[in-house]
$ cat data.cif   # mmCIF, C-alpha atoms
data_coords
#
loop_
_atom_site.label_atom_id
_atom_site.label_comp_id
_atom_site.auth_asym_id
_atom_site.auth_seq_id
_atom_site.Cartn_x
_atom_site.Cartn_y
_atom_site.Cartn_z
CA MET A 45 112.60 164.66 185.57
CA LYS A 46 109.34 163.80 183.81
CA GLU A 47 108.03 167.35 183.40
CA ARG A 48 109.54 170.67 182.46
CA THR A 49 108.32 174.21 182.05
CA ILE A 50 109.03 175.81 178.69
CA ARG A 51 108.61 179.28 177.26
CA LEU A 52 108.26 179.70 173.53
CA THR A 53 106.58 181.82 170.87
CA VAL A 54 103.97 180.36 168.56
CA ASN A 55 102.54 182.47 165.75
CA GLY A 56 103.87 185.60 167.43
CA ARG A 57 102.26 184.84 170.79
CA PRO A 58 104.34 183.93 173.85
CA TYR A 59 103.37 180.85 175.85
CA GLU A 60 104.60 179.28 179.07
CA ARG A 61 103.52 175.73 179.80
CA THR A 62 104.60 172.79 181.91
CA VAL A 63 104.74 169.65 179.79
CA GLU A 64 105.59 166.03 180.17
CA VAL A 65 109.04 165.54 178.64
CA ARG A 66 107.85 162.80 176.29
CA LYS A 67 105.20 164.99 174.65
CA THR A 68 105.96 165.68 171.00
CA LEU A 69 105.78 169.21 169.65
CA ALA A 70 102.84 168.13 167.48
CA ASP A 71 100.82 166.89 170.47
CA PHE A 72 101.82 169.98 172.45
CA LEU A 73 100.52 172.30 169.73
CA ARG A 74 97.28 170.37 169.35
CA GLU A 75 96.51 169.46 172.95
CA ASP A 76 98.11 172.15 175.10
CA LEU A 77 97.71 175.14 172.78
CA ASP A 78 94.54 173.98 170.94
CA LEU A 79 96.26 174.66 167.62
CA THR A 80 94.74 171.70 165.79
CA GLY A 81 95.69 172.90 162.32
CA THR A 82 98.89 170.88 162.63
CA HIS A 83 97.82 167.43 161.49
CA LEU A 84 99.25 164.07 162.48
CA GLY A 85 99.44 161.37 159.85
CA CYS A 86 102.11 158.74 160.36
CA GLU A 87 103.71 160.07 163.57
CA HIS A 88 107.10 158.71 162.54
CA GLY A 89 108.48 161.30 160.18
CA VAL A 90 107.38 159.99 156.80
CA CYS A 91 104.20 161.79 155.76
CA GLY A 92 105.03 165.45 156.43
CA ALA A 93 101.49 166.38 157.54
CA CYS A 94 102.80 167.73 160.85
CA THR A 95 105.40 170.04 159.27
CA VAL A 96 105.77 173.34 161.14
CA VAL A 97 108.37 176.09 160.98
CA VAL A 98 110.82 176.26 163.90
CA ASN A 99 113.19 179.23 163.92
CA GLY A 100 112.70 179.65 160.18
CA GLU A 101 113.15 176.01 159.17
CA ALA A 102 110.55 173.42 158.20
CA VAL A 103 110.64 170.43 160.57
CA ARG A 104 108.54 167.41 161.50
CA SER A 105 106.74 168.32 164.72
CA CYS A 106 106.11 164.62 165.46
CA LEU A 107 109.89 164.05 165.78
CA LEU A 108 110.62 166.82 168.27
CA PHE A 109 109.78 166.96 171.94
CA ALA A 110 108.09 170.12 173.15
CA VAL A 111 110.73 170.47 175.89
CA GLN A 112 113.37 170.89 173.18
CA LEU A 113 111.67 174.09 172.02
CA GLU A 114 112.57 176.35 174.95
CA GLY A 115 112.91 179.86 173.53
CA ALA A 116 111.96 178.78 170.00
CA ASN A 117 109.91 180.76 167.53
CA ILE A 118 107.30 178.57 165.85
CA LEU A 119 104.97 179.16 162.94
CA THR A 120 102.00 176.86 162.41
CA VAL A 121 99.32 177.00 159.73
CA GLU A 122 97.18 179.14 162.04
CA GLY A 123 99.82 181.86 161.81
CA LEU A 124 99.92 182.08 158.01
CA ALA A 125 96.84 184.16 157.28
CA ASP A 126 96.63 187.80 158.32
CA GLY A 127 93.16 187.92 159.87
CA ASP A 128 90.71 187.20 157.05
CA ASN A 129 93.38 187.66 154.40
CA LEU A 130 94.89 184.38 153.33
CA HIS A 131 98.64 184.12 152.88
CA PRO A 132 99.55 184.20 149.15
CA ILE A 133 100.47 180.48 149.32
CA GLN A 134 97.05 179.67 150.81
CA GLU A 135 95.38 181.84 148.16
CA ALA A 136 97.21 179.99 145.41
CA PHE A 137 96.14 176.61 146.83
CA TRP A 138 92.54 177.83 146.92
CA GLU A 139 92.57 179.26 143.42
CA HIS A 140 94.30 176.26 141.82
CA HIS A 141 92.54 173.57 143.80
CA GLY A 142 95.79 172.46 145.43
CA LEU A 143 93.89 170.35 147.93
CA GLN A 144 91.16 167.77 147.97
CA CYS A 145 90.49 166.49 151.50
CA GLY A 146 92.89 169.03 153.00
CA PHE A 147 94.50 166.76 155.56
CA CYS A 148 98.03 167.13 154.19
CA THR A 149 97.59 170.81 153.31
CA PRO A 150 99.05 172.49 156.44
CA GLY A 151 102.26 170.52 155.96
CA PHE A 152 102.48 171.44 152.29
CA LEU A 153 101.84 175.12 153.03
CA LEU A 154 104.57 175.37 155.64
CA THR A 155 107.06 173.33 153.59
CA LEU A 156 106.46 175.70 150.67
CA TYR A 157 106.59 178.74 152.96
CA CYS A 158 110.23 177.94 153.76
CA PHE A 159 111.10 176.69 150.28
CA LEU A 160 109.80 179.78 148.47
CA LYS A 161 111.70 182.11 150.79
CA GLU A 162 114.91 180.36 149.76
CA THR A 163 113.98 179.66 146.15
CA PRO A 164 111.72 182.47 144.98
CA ARG A 165 111.79 181.40 141.32
CA PRO A 166 111.68 177.63 141.39
CA SER A 167 111.58 175.25 138.45
CA GLU A 168 108.96 172.51 138.40
CA ALA A 169 111.67 169.96 139.26
CA GLU A 170 112.73 172.04 142.27
CA ILE A 171 109.12 172.29 143.46
CA ARG A 172 108.66 168.53 143.15
CA GLU A 173 111.82 167.88 145.11
CA ALA A 174 110.83 170.44 147.75
CA ILE A 175 107.49 168.73 148.39
CA SER A 176 108.89 165.19 148.17
CA GLY A 177 108.73 164.91 151.96
CA ASN A 178 104.98 165.55 152.04
CA LEU A 179 102.48 162.88 151.13
CA CYS A 180 99.08 163.62 149.61
CA ARG A 181 96.90 160.51 149.43
CA CYS A 182 94.21 162.16 147.29
CA THR A 183 96.95 162.10 144.59
CA GLY A 184 96.72 165.82 144.23
CA TYR A 185 100.36 166.60 143.46
CA HIS A 186 99.60 167.98 140.00
CA ASN A 187 97.55 170.87 141.32
CA ILE A 188 99.83 171.33 144.30
CA VAL A 189 102.74 171.94 141.92
CA ILE A 190 100.63 174.39 139.92
CA ALA A 191 99.61 176.15 143.14
CA ALA A 192 103.22 176.31 144.31
CA ARG A 193 104.28 177.97 141.08
CA ALA A 194 101.38 180.44 141.28
CA ALA A 195 102.32 181.16 144.90
CA ALA A 196 105.89 181.92 143.83
CA GLU A 197 104.57 184.42 141.29
CA LYS A 198 102.24 186.04 143.82
CA LEU A 199 105.04 186.35 146.37
CA ALA A 200 107.45 187.77 143.77
CA SER A 201 104.97 190.44 142.65
CA ALA A 202 103.97 191.29 146.23
CA GLY A 203 107.55 191.94 147.32
CA PRO A 204 108.88 190.97 150.75
CA THR A 205 106.34 189.28 153.02
CA PRO A 206 106.49 188.28 156.67
CA MET B 1 101.10 159.91 174.14
CA LYS B 2 103.15 158.03 171.59
CA PRO B 3 106.60 157.61 173.19
CA PRO B 4 107.03 155.54 176.34
CA PRO B 5 107.89 157.48 179.51
CA PHE B 6 111.52 158.41 180.04
CA GLU B 7 113.60 160.74 182.12
CA TYR B 8 115.17 163.53 180.14
CA PHE B 9 118.58 165.11 180.60
CA THR B 10 120.11 168.10 178.83
CA PRO B 11 123.83 168.01 179.66
CA ALA B 12 125.73 171.21 178.93
CA SER B 13 129.03 169.53 178.05
CA VAL B 14 130.41 166.33 176.58
CA GLU B 15 131.83 165.50 180.02
CA ASP B 16 128.38 165.84 181.62
CA ALA B 17 126.85 163.69 178.88
CA LEU B 18 129.53 161.02 179.39
CA ALA B 19 128.90 161.06 183.14
CA LEU B 20 125.18 160.43 182.54
CA LEU B 21 125.91 157.66 180.04
CA GLY B 22 128.43 156.14 182.44
CA GLU B 23 125.82 156.11 185.19
CA HIS B 24 122.89 154.76 183.18
CA ARG B 25 124.70 152.64 180.56
CA GLU B 26 122.30 150.45 178.51
CA GLN B 27 119.25 152.15 180.03
CA ALA B 28 120.13 155.47 178.37
CA LYS B 29 119.81 156.55 174.75
CA VAL B 30 121.48 159.55 173.18
CA LEU B 31 119.20 162.06 171.43
CA ALA B 32 120.88 164.00 168.62
CA GLY B 33 118.58 165.19 165.81
CA GLY B 34 115.99 162.58 166.74
CA GLN B 35 115.07 161.73 163.17
CA SER B 36 115.78 158.02 163.67
CA LEU B 37 115.38 157.68 167.44
CA VAL B 38 112.05 159.45 167.83
CA PRO B 39 110.29 157.22 165.26
CA LEU B 40 111.59 154.22 167.24
CA LEU B 41 110.24 155.79 170.43
CA ASN B 42 106.90 156.61 168.79
CA PHE B 43 106.59 152.97 167.71
CA ARG B 44 107.78 151.97 171.20
CA LEU B 45 110.40 149.78 169.57
CA ALA B 46 112.90 151.60 171.79
CA ARG B 47 112.02 152.07 175.47
CA PRO B 48 114.99 153.79 177.10
CA ARG B 49 114.58 154.85 180.72
CA TYR B 50 116.79 157.86 180.20
CA LEU B 51 117.21 160.18 177.24
CA VAL B 52 120.40 162.24 177.05
CA ASP B 53 119.78 165.17 174.70
CA LEU B 54 122.98 166.55 173.15
CA ASN B 55 121.32 169.62 171.64
CA GLY B 56 122.43 171.89 174.48
CA ILE B 57 126.12 171.02 174.16
CA PRO B 58 128.15 173.75 172.44
CA HIS B 59 131.12 173.14 170.11
CA LEU B 60 129.83 169.90 168.58
CA ASP B 61 128.50 171.80 165.58
CA TYR B 62 131.30 172.74 163.16
CA ILE B 63 132.68 172.15 159.68
CA ARG B 64 136.36 172.96 159.26
CA GLU B 65 139.57 171.86 157.60
CA GLU B 66 142.28 170.37 159.82
CA ASP B 67 145.59 168.94 158.56
CA GLY B 68 144.26 167.58 155.29
CA TRP B 69 140.98 166.39 156.77
CA LEU B 70 137.52 167.84 156.63
CA ALA B 71 136.35 167.73 160.26
CA ILE B 72 132.63 167.78 161.01
CA GLY B 73 131.15 167.92 164.51
CA ALA B 74 128.70 165.19 165.42
CA MET B 75 125.86 167.63 166.10
CA THR B 76 126.23 169.46 162.78
CA ARG B 77 122.85 169.43 161.05
CA GLN B 78 122.75 167.60 157.75
CA ARG B 79 121.28 170.70 156.15
CA ALA B 80 124.32 172.74 157.21
CA VAL B 81 126.61 170.20 155.56
CA GLU B 82 124.46 170.26 152.43
CA ARG B 83 124.80 174.05 152.24
CA SER B 84 128.50 174.27 153.08
CA ALA B 85 130.78 175.67 150.39
CA LEU B 86 133.75 174.11 152.22
CA VAL B 87 132.14 170.65 151.96
CA ARG B 88 131.41 171.13 148.24
CA ASP B 89 135.01 172.11 147.61
CA ARG B 90 136.87 169.68 149.90
CA CYS B 91 134.55 166.70 149.90
CA PRO B 92 132.35 166.70 146.81
CA LEU B 93 131.26 163.09 147.41
CA LEU B 94 129.63 164.09 150.67
CA ALA B 95 128.10 167.17 149.04
CA GLU B 96 126.54 165.03 146.32
CA ALA B 97 125.06 162.56 148.78
CA MET B 98 123.54 165.10 151.19
CA PRO B 99 120.40 166.04 149.21
CA GLN B 100 119.59 162.32 148.90
CA ILE B 101 119.34 161.87 152.67
CA GLY B 102 115.73 161.98 153.80
CA HIS B 103 113.85 165.17 153.02
CA VAL B 104 114.64 168.79 153.77
CA GLN B 105 112.50 168.69 156.93
CA ILE B 106 114.56 165.70 158.11
CA ARG B 107 117.91 167.27 157.21
CA ASN B 108 117.02 170.47 159.06
CA ARG B 109 117.12 168.49 162.30
CA GLY B 110 119.08 165.34 161.47
CA THR B 111 122.75 165.38 162.39
CA ILE B 112 125.86 163.86 160.85
CA GLY B 113 126.78 162.05 164.07
CA GLY B 114 123.26 160.81 164.68
CA SER B 115 123.04 159.11 161.31
CA LEU B 116 126.48 157.52 161.67
CA ALA B 117 125.82 156.26 165.21
CA HIS B 118 122.40 154.92 164.21
CA ALA B 119 124.12 152.91 161.45
CA ASP B 120 121.11 152.09 159.36
CA PRO B 121 122.23 149.56 156.74
CA ALA B 122 120.60 151.60 153.96
CA ALA B 123 121.86 155.01 155.08
CA GLU B 124 124.09 157.13 152.86
CA LEU B 125 126.58 158.58 155.36
CA PRO B 126 128.18 155.33 156.55
CA ALA B 127 128.93 154.41 152.92
CA ILE B 128 130.49 157.83 152.29
CA VAL B 129 132.78 157.49 155.32
CA ALA B 130 133.66 153.92 154.30
CA ALA B 131 134.40 154.83 150.66
CA LEU B 132 136.66 157.72 151.62
CA GLY B 133 138.39 155.93 154.48
CA GLY B 134 137.22 158.55 156.98
CA ARG B 135 137.69 158.45 160.73
CA LEU B 136 135.14 158.44 163.53
CA VAL B 137 136.11 160.37 166.63
CA VAL B 138 134.75 158.77 169.80
CA ARG B 139 134.93 160.16 173.34
CA GLY B 140 134.70 158.01 176.43
CA PRO B 141 135.52 158.32 180.10
CA ASP B 142 139.21 157.68 179.39
CA GLY B 143 139.54 160.13 176.53
CA GLU B 144 139.32 159.98 172.77
CA ARG B 145 139.73 157.14 170.32
CA VAL B 146 139.73 157.49 166.55
CA MET B 147 138.21 154.62 164.62
CA ALA B 148 138.25 153.45 161.03
CA PRO B 149 134.82 152.78 159.54
CA GLU B 150 135.44 149.04 159.14
CA ARG B 151 135.89 148.83 162.92
CA PHE B 152 133.15 151.31 163.81
CA PHE B 153 130.31 149.73 161.80
CA VAL B 154 129.73 146.32 163.33
CA GLY B 155 126.34 145.18 162.06
CA TYR B 156 122.73 146.02 161.47
CA LEU B 157 122.07 149.24 163.50
CA THR B 158 125.14 148.37 165.54
CA THR B 159 128.43 150.21 166.00
CA ALA B 160 131.47 149.62 168.17
CA LEU B 161 130.35 152.49 170.43
CA GLU B 162 130.16 151.40 174.06
CA PRO B 163 127.08 152.52 176.00
CA PHE B 164 129.28 154.99 177.89
CA GLU B 165 130.85 156.51 174.76
CA LEU B 166 129.82 159.32 172.43
CA LEU B 167 130.57 159.87 168.77
CA VAL B 168 131.77 163.48 168.77
CA GLY B 169 132.88 163.98 165.18
CA VAL B 170 133.90 162.57 161.83
CA ARG B 171 136.93 163.31 159.66
CA LEU B 172 137.02 162.83 155.93
CA PRO B 173 140.16 163.13 153.81
CA VAL B 174 139.99 166.22 151.59
CA ARG B 175 139.87 165.47 147.92
CA ARG B 176 143.11 164.87 146.09
CA SER B 177 143.95 166.30 142.68
CA ARG B 178 142.85 164.38 139.55
CA THR B 179 140.19 162.70 141.70
CA GLY B 180 136.54 162.41 140.79
CA HIS B 181 133.66 161.23 142.95
CA ALA B 182 130.09 160.13 142.50
CA PHE B 183 127.24 159.04 144.72
CA VAL B 184 124.31 157.35 143.01
CA GLU B 185 121.37 155.56 144.53
CA VAL B 186 118.00 154.13 143.62
CA SER B 187 115.13 154.49 146.07
CA ARG B 188 111.41 153.97 145.75
CA ARG B 189 110.73 157.65 146.26
CA HIS B 190 113.09 160.63 146.46
CA GLY B 191 114.38 160.82 150.02
CA ASP B 192 113.49 157.27 150.99
CA PHE B 193 116.20 154.93 152.14
CA ALA B 194 118.23 153.62 149.24
CA LEU B 195 117.46 150.18 147.84
CA VAL B 196 121.09 150.34 146.78
CA GLY B 197 123.52 153.26 146.86
CA VAL B 198 127.09 153.44 145.57
CA ALA B 199 129.80 155.88 146.61
CA ALA B 200 132.81 155.98 144.29
CA ALA B 201 136.13 157.82 144.25
CA LEU B 202 138.57 157.51 141.37
CA THR B 203 142.05 159.05 141.10
CA LEU B 204 143.88 159.28 137.79
CA ASP B 205 147.63 159.52 137.32
CA ALA B 206 149.29 162.15 135.11
CA ALA B 207 148.96 159.84 132.08
CA GLY B 208 145.21 159.39 132.63
CA ALA B 209 145.34 155.84 133.97
CA CYS B 210 143.60 154.88 137.16
CA ALA B 211 145.92 155.35 140.14
CA ASP B 212 143.42 154.56 142.86
CA ALA B 213 139.76 153.64 143.16
CA ALA B 214 137.43 153.18 146.07
CA LEU B 215 133.85 151.97 146.21
CA ALA B 216 131.41 151.51 149.05
CA LEU B 217 127.82 150.35 148.81
CA THR B 218 124.84 150.85 151.06
CA GLY B 219 121.65 148.81 151.26
CA VAL B 220 123.30 145.51 150.38
CA GLY B 221 124.45 144.24 153.77
CA PRO B 222 124.31 144.93 157.49
CA THR B 223 127.15 147.47 157.21
CA PRO B 224 128.58 149.48 154.30
CA VAL B 225 130.28 147.11 151.88
CA VAL B 226 133.69 148.24 150.67
CA ALA B 227 134.44 146.59 147.33
CA ALA B 228 138.22 146.61 147.58
CA ALA B 229 138.95 143.49 145.56
CA ALA B 230 136.71 144.56 142.69
CA THR B 231 138.27 148.02 142.40
CA ARG B 232 141.85 146.79 142.63
CA VAL B 233 141.66 145.53 139.04
CA LEU B 234 141.18 149.12 137.87
CA VAL B 235 144.56 150.32 139.09
CA GLY B 236 146.91 150.92 136.16
CA GLN B 237 144.08 150.64 133.62
CA ARG B 238 142.72 153.51 131.58
CA PRO B 239 139.11 154.17 132.56
CA SER B 240 136.81 152.51 130.05
CA ALA B 241 133.22 151.38 129.79
CA GLU B 242 134.41 147.76 129.63
CA ALA B 243 136.56 148.08 132.75
CA PHE B 244 133.71 149.65 134.72
CA GLN B 245 131.28 147.03 133.46
CA GLU B 246 133.66 144.36 134.71
CA VAL B 247 133.94 145.97 138.16
CA GLY B 248 130.15 146.18 138.31
CA ARG B 249 129.91 142.48 137.48
CA ARG B 250 132.45 141.55 140.16
CA VAL B 251 130.78 143.73 142.79
CA SER B 252 127.40 142.27 141.99
CA GLU B 253 128.53 138.65 142.26
CA THR B 254 130.23 139.12 145.64
CA LEU B 255 127.11 140.55 147.32
CA GLU B 256 124.45 138.65 149.21
CA PRO B 257 121.84 141.29 150.01
CA ASP B 258 118.63 140.44 151.86
CA SER B 259 115.27 140.50 150.16
CA ASP B 260 112.55 142.66 151.65
CA LEU B 261 109.23 144.26 150.83
CA HIS B 262 110.92 146.82 148.58
CA ALA B 263 113.33 144.73 146.53
CA SER B 264 114.44 141.15 146.11
CA SER B 265 118.01 140.08 146.71
CA GLU B 266 118.41 139.43 142.96
CA TYR B 267 117.21 142.91 142.08
CA ARG B 268 119.56 144.50 144.61
CA LYS B 269 122.49 142.55 143.15
CA HIS B 270 121.55 143.70 139.68
CA LEU B 271 121.19 147.32 140.82
CA ALA B 272 124.53 147.19 142.62
CA GLY B 273 126.26 146.23 139.36
CA VAL B 274 124.52 148.90 137.30
CA LEU B 275 125.02 151.64 139.87
CA THR B 276 128.68 150.71 140.32
CA ARG B 277 129.24 151.17 136.60
CA ARG B 278 127.37 154.48 136.60
CA ALA B 279 129.17 155.81 139.67
CA LEU B 280 132.62 154.91 138.29
CA THR B 281 131.79 156.41 134.90
CA ARG B 282 130.70 159.67 136.46
CA ALA B 283 133.66 159.73 138.84
CA ALA B 284 136.08 159.22 135.93
CA GLU B 285 134.48 162.04 133.94
CA ARG B 286 134.82 164.33 136.91
CA ALA B 287 138.41 163.29 137.56
CA ARG B 288 139.26 164.19 133.98
CA GLY B 289 137.28 167.44 134.11
CA GLY B 290 138.91 168.46 137.38
CA GLU B 291 135.54 169.12 139.01
CA GLY B 292 135.81 166.55 141.78
#
$ encode --input "data.cif" --output "structure tokens"
Amino acid sequence: MKERTIRLTVNGRPYERTVEVRKTLADFLREDLDLTGTHLGCEHGVCGACTVVVNGEAVRSCLLFAVQLEGANILTVEGLADGDNLHPIQEAFWEHHGLQCGFCTPGFLLTLYCFLKETPRPSEAEIREAISGNLCRCTGYHNIVIAARAAAEKLASAGPTP
Amino acid sequence: MKPPPFEYFTPASVEDALALLGEHREQAKVLAGGQSLVPLLNFRLARPRYLVDLNGIPHLDYIREEDGWLAIGAMTRQRAVERSALVRDRCPLLAEAMPQIGHVQIRNRGTIGGSLAHADPAAELPAIVAALGGRLVVRGPDGERVMAPERFFVGYLTTALEPFELLVGVRLPVRRSRTGHAFVEVSRRHGDFALVGVAAALTLDAAGACADAALALTGVGPTPVVAAAATRVLVGQRPSAEAFQEVGRRVSETLEPDSDLHASSEYRKHLAGVLTRRALTRAAERARGGEG
């Protein structure tokens, strides 16, 4: 069986697609759903650029096959903002210059999205460990850590968020 | 498309998976969490004709205590083990090692069985199972066999698993009283494979002397290295900096690790000695403090 039909939800929207079984989730999102915000860096699980949220957990979308996601609920960077209103984590990255070229940013945002839900008041050491699986080659970690802390504060003062 | 073409199966039971493996043998690969296999597929270093995905099989995902053992199902996610209060209490060595395996995104998918069956020479889990004298539970067409780590880990990325067998679980002895553990490693970056890692367990007798000690190292050979001869000298001695230094020296001189891009053989030998001393020191403190 080289193809399968899958049904899944991405950013709140249901999709049904027939995909080749060897297609990674990352390629599926980018090529079949035109959700190109998920970036591909190393394509072997090291760089973290392709991080998306599957059923509430941050995972590498380059190391999953789309056919494994039958029935899954997926959040990509396109699903973070509410219309024109950025998600508080995105806002914090903007305000604190937590990005330079922006290539790694979707992965950082979604990694932090899961981390801050679990650890709403993180220490700097916890933030650094949380983002250790995401590479930024503009060497922007300093501002990313600052943005992560600011995002935690925004989320705490805003109360529960989606 | 990065991975080479393959046919994909999602068996609903261990029996169905074994039937597929029995039919396709060397042409099939087992997909667990995919955190080691999918990179190999993406690089096209592995080109299996058939992929047997275990993710649809129920009852391979559990953490429970059975007759003095902590039993963990092969498809249990590493993140679930990391978060388990039972693991922290019954097997603190495993609990300490978990956060050092890959990154959280990897551990959310990566499984206990997948890592053990992949048998990377720098992985943490094989050393944990070796240090504790755990057991690997293997199912084949003729039933179950339970293997000791020294028989299961055969070489670089190689286990004693036959192509028609599945690793279905691992058992680790629950911690004994007056026993302390420690797992320490050095890697280039948090979450990277260890240059060297050391798993230690130390049991004290009622008088505070060392009753038993176990050490296993990762990253210094094709399989986990159990330093039995070096730890034997500790038995009957009171834990001391000098004694641990001596064990570190002995461990270091028995090893012949490979050099690679990340570290020379000499540096790995040196690290192995230092980390052995640190792991034993921490394990002894914990044994005395009763914290495991």
$ residues_around --input "data.cif" --residues "Phe9 (chain B)" --least-positions-apart "4" --cutoff "9 Å" --atoms "only C-alpha atoms" --output "JSON, numbers by chain"
{"A": [45], "B": [17, 20, 50, 51, 52, 53, 54]}
$ resolve_selection --input "data.cif" --expression "the PyMOL selection byres ((chain B and resi 287) around 8)" --output "list in words"
Arg178, Thr179, Gly180, His181, Leu202, Thr203, Leu204, Ala283, Ala284, Glu285, Arg286, Arg288, Gly289, Gly290, Glu291 and Gly292 of chain B
$ resolve_selection --input "data.cif" --expression "the PyMOL selection byres ((chain B and resi 157) around 8)" --output "MDAnalysis selection string"
chainID B and resid 118:121 155:156 158:159 222
$ closest_residue --input "data.cif" --among "A:Glu87, A:Glu122, A:Asp78, A:Glu60" --to "chain B" --atoms "all atoms listed in the file"
A:Glu87
$ residues_around --input "data.cif" --residues "region 76-90 of chain B" --least-positions-apart "6" --cutoff "8 Å" --atoms "all atoms listed in the file" --output "PyMOL selection string"
chain B and resi 33+60-64+70+98-99+104+107-113+174-175
$ resolve_selection --input "data.cif" --expression "the PyMOL selection byres ((chain A) within 10 of (chain B))" --output "ChimeraX atom specification"
/A:45-48,64-68,71,86-90,92,95-98,101-109,111-112,155,159,172-178
$ atom_distance --input "data.cif" --atom1 "CA of His141 (chain A)" --atom2 "CA of Lys161 (chain A)"
22.1 Å
$ closest_residue --input "data.cif" --among "B:Val137, B:Ala227, B:Leu234, B:Val184" --to "Val274 (chain B)" --atoms "all atoms listed in the file"
B:Val184
$ atom_distance --input "data.cif" --atom1 "CA of His270 (chain B)" --atom2 "CA of Ser240 (chain B)"
20.1 Å
$ atom_distance --input "data.cif" --atom1 "CA of Leu132 (chain B)" --atom2 "CA of Thr218 (chain B)"
13.7 Å
$ residues_around --input "data.cif" --residues "Val54 (chain A)" --least-positions-apart "5" --cutoff "12 Å" --atoms "all atoms listed in the file" --output "JSON list (two decimals) with C-alpha atoms, keeping the file's coordinate frame"
[["chain", "number", "residue", "atom", "x", "y", "z"],
["A", 59, "TYR", "CA", 103.37, 180.85, 175.85],
["A", 60, "GLU", "CA", 104.60, 179.28, 179.07],
["A", 69, "LEU", "CA", 105.78, 169.21, 169.65],
["A", 72, "PHE", "CA", 101.82, 169.98, 172.45],
["A", 73, "LEU", "CA", 100.52, 172.30, 169.73],
["A", 77, "LEU", "CA", 97.71, 175.14, 172.78],
["A", 78, "ASP", "CA", 94.54, 173.98, 170.94],
["A", 79, "LEU", "CA", 96.26, 174.66, 167.62],
["A", 96, "VAL", "CA", 105.77, 173.34, 161.14],
["A", 97, "VAL", "CA", 108.37, 176.09, 160.98],
["A", 98, "VAL", "CA", 110.82, 176.26, 163.90],
["A", 99, "ASN", "CA", 113.19, 179.23, 163.92],
["A", 110, "ALA", "CA", 108.09, 170.12, 173.15],
["A", 113, "LEU", "CA", 111.67, 174.09, 172.02],
["A", 114, "GLU", "CA", 112.57, 176.35, 174.95],
["A", 115, "GLY", "CA", 112.91, 179.86, 173.53],
["A", 116, "ALA", "CA", 111.96, 178.78, 170.00],
["A", 117, "ASN", "CA", 109.91, 180.76, 167.53],
["A", 118, "ILE", "CA", 107.30, 178.57, 165.85],
["A", 119, "LEU", "CA", 104.97, 179.16, 162.94],
["A", 120, "THR", "CA", 102.00, 176.86, 162.41],
["A", 121, "VAL", "CA", 99.32, 177.00, 159.73],
["A", 122, "GLU", "CA", 97.18, 179.14, 162.04],
["A", 123, "GLY", "CA", 99.82, 181.86, 161.81],
["A", 124, "LEU", "CA", 99.92, 182.08, 158.01]]
$ residues_near_point --input "data.cif" --point "(135.0, 146.8, 138.5)" --cutoff "9 Å" --atoms "all atoms listed in the file" --output "ChimeraX atom specification"
/B:227,229-234,242-251,273,276-277,280
$ residues_around --input "data.cif" --residues "region 142-153 of chain B" --least-positions-apart "2" --cutoff "8 Å" --atoms "only C-alpha atoms" --output "PDB file with C-alpha atoms, in the frame of the given file"
ATOM      1  CA  ALA B 119     124.120 152.910 161.450  1.00  0.00           C
ATOM      2  CA  PRO B 126     128.180 155.330 156.550  1.00  0.00           C
ATOM      3  CA  VAL B 129     132.780 157.490 155.320  1.00  0.00           C
ATOM      4  CA  ALA B 130     133.660 153.920 154.300  1.00  0.00           C
ATOM      5  CA  GLY B 133     138.390 155.930 154.480  1.00  0.00           C
ATOM      6  CA  GLY B 134     137.220 158.550 156.980  1.00  0.00           C
ATOM      7  CA  ARG B 135     137.690 158.450 160.730  1.00  0.00           C
ATOM      8  CA  LEU B 136     135.140 158.440 163.530  1.00  0.00           C
ATOM      9  CA  VAL B 137     136.110 160.370 166.630  1.00  0.00           C
ATOM     10  CA  VAL B 138     134.750 158.770 169.800  1.00  0.00           C
ATOM     11  CA  ARG B 139     134.930 160.160 173.340  1.00  0.00           C
ATOM     12  CA  GLY B 140     134.700 158.010 176.430  1.00  0.00           C
ATOM     13  CA  GLY B 155     126.340 145.180 162.060  1.00  0.00           C
ATOM     14  CA  THR B 158     125.140 148.370 165.540  1.00  0.00           C
ATOM     15  CA  THR B 159     128.430 150.210 166.000  1.00  0.00           C
ATOM     16  CA  ALA B 160     131.470 149.620 168.170  1.00  0.00           C
ATOM     17  CA  LEU B 161     130.350 152.490 170.430  1.00  0.00           C
ATOM     18  CA  THR B 223     127.150 147.470 157.210  1.00  0.00           C
ATOM     19  CA  PRO B 224     128.580 149.480 154.300  1.00  0.00           C
TER      20      PRO B 224
END
$ residues_around --input "data.cif" --residues "Pro141 (chain B)" --least-positions-apart "3" --cutoff "12 Å" --atoms "all atoms listed in the file" --output "ChimeraX atom specification"
/B:14-23,138,144-145,162-166
$ closest_residue --input "data.cif" --among "A:Thr53, A:Thr62, A:Gln134, A:Asn187" --to "Gly151 (chain A)" --atoms "all atoms listed in the file"
A:Gln134
$ axis_aligned_box --input "data.cif" --around "region 139-156 of chain B" --padding-each-side "3 Å" --output "AutoDock Vina command-line options"
--center_x 131.2 --center_y 152.7 --center_z 169.6 --size_x 23.0 --size_y 21.0 --size_z 27.0
$ residues_near_point --input "data.cif" --point "(116.7, 144.8, 142.9)" --cutoff "12 Å" --atoms "all atoms listed in the file" --output "MDAnalysis selection string"
chainID B and resid 185:188 194:197 219:220 252 256:275
$ closest_residue --input "data.cif" --among "B:Pro11, B:Ala211, B:Thr281, B:Ile128" --to "Ala95 (chain B)" --atoms "all atoms listed in the file"
B:Ile128
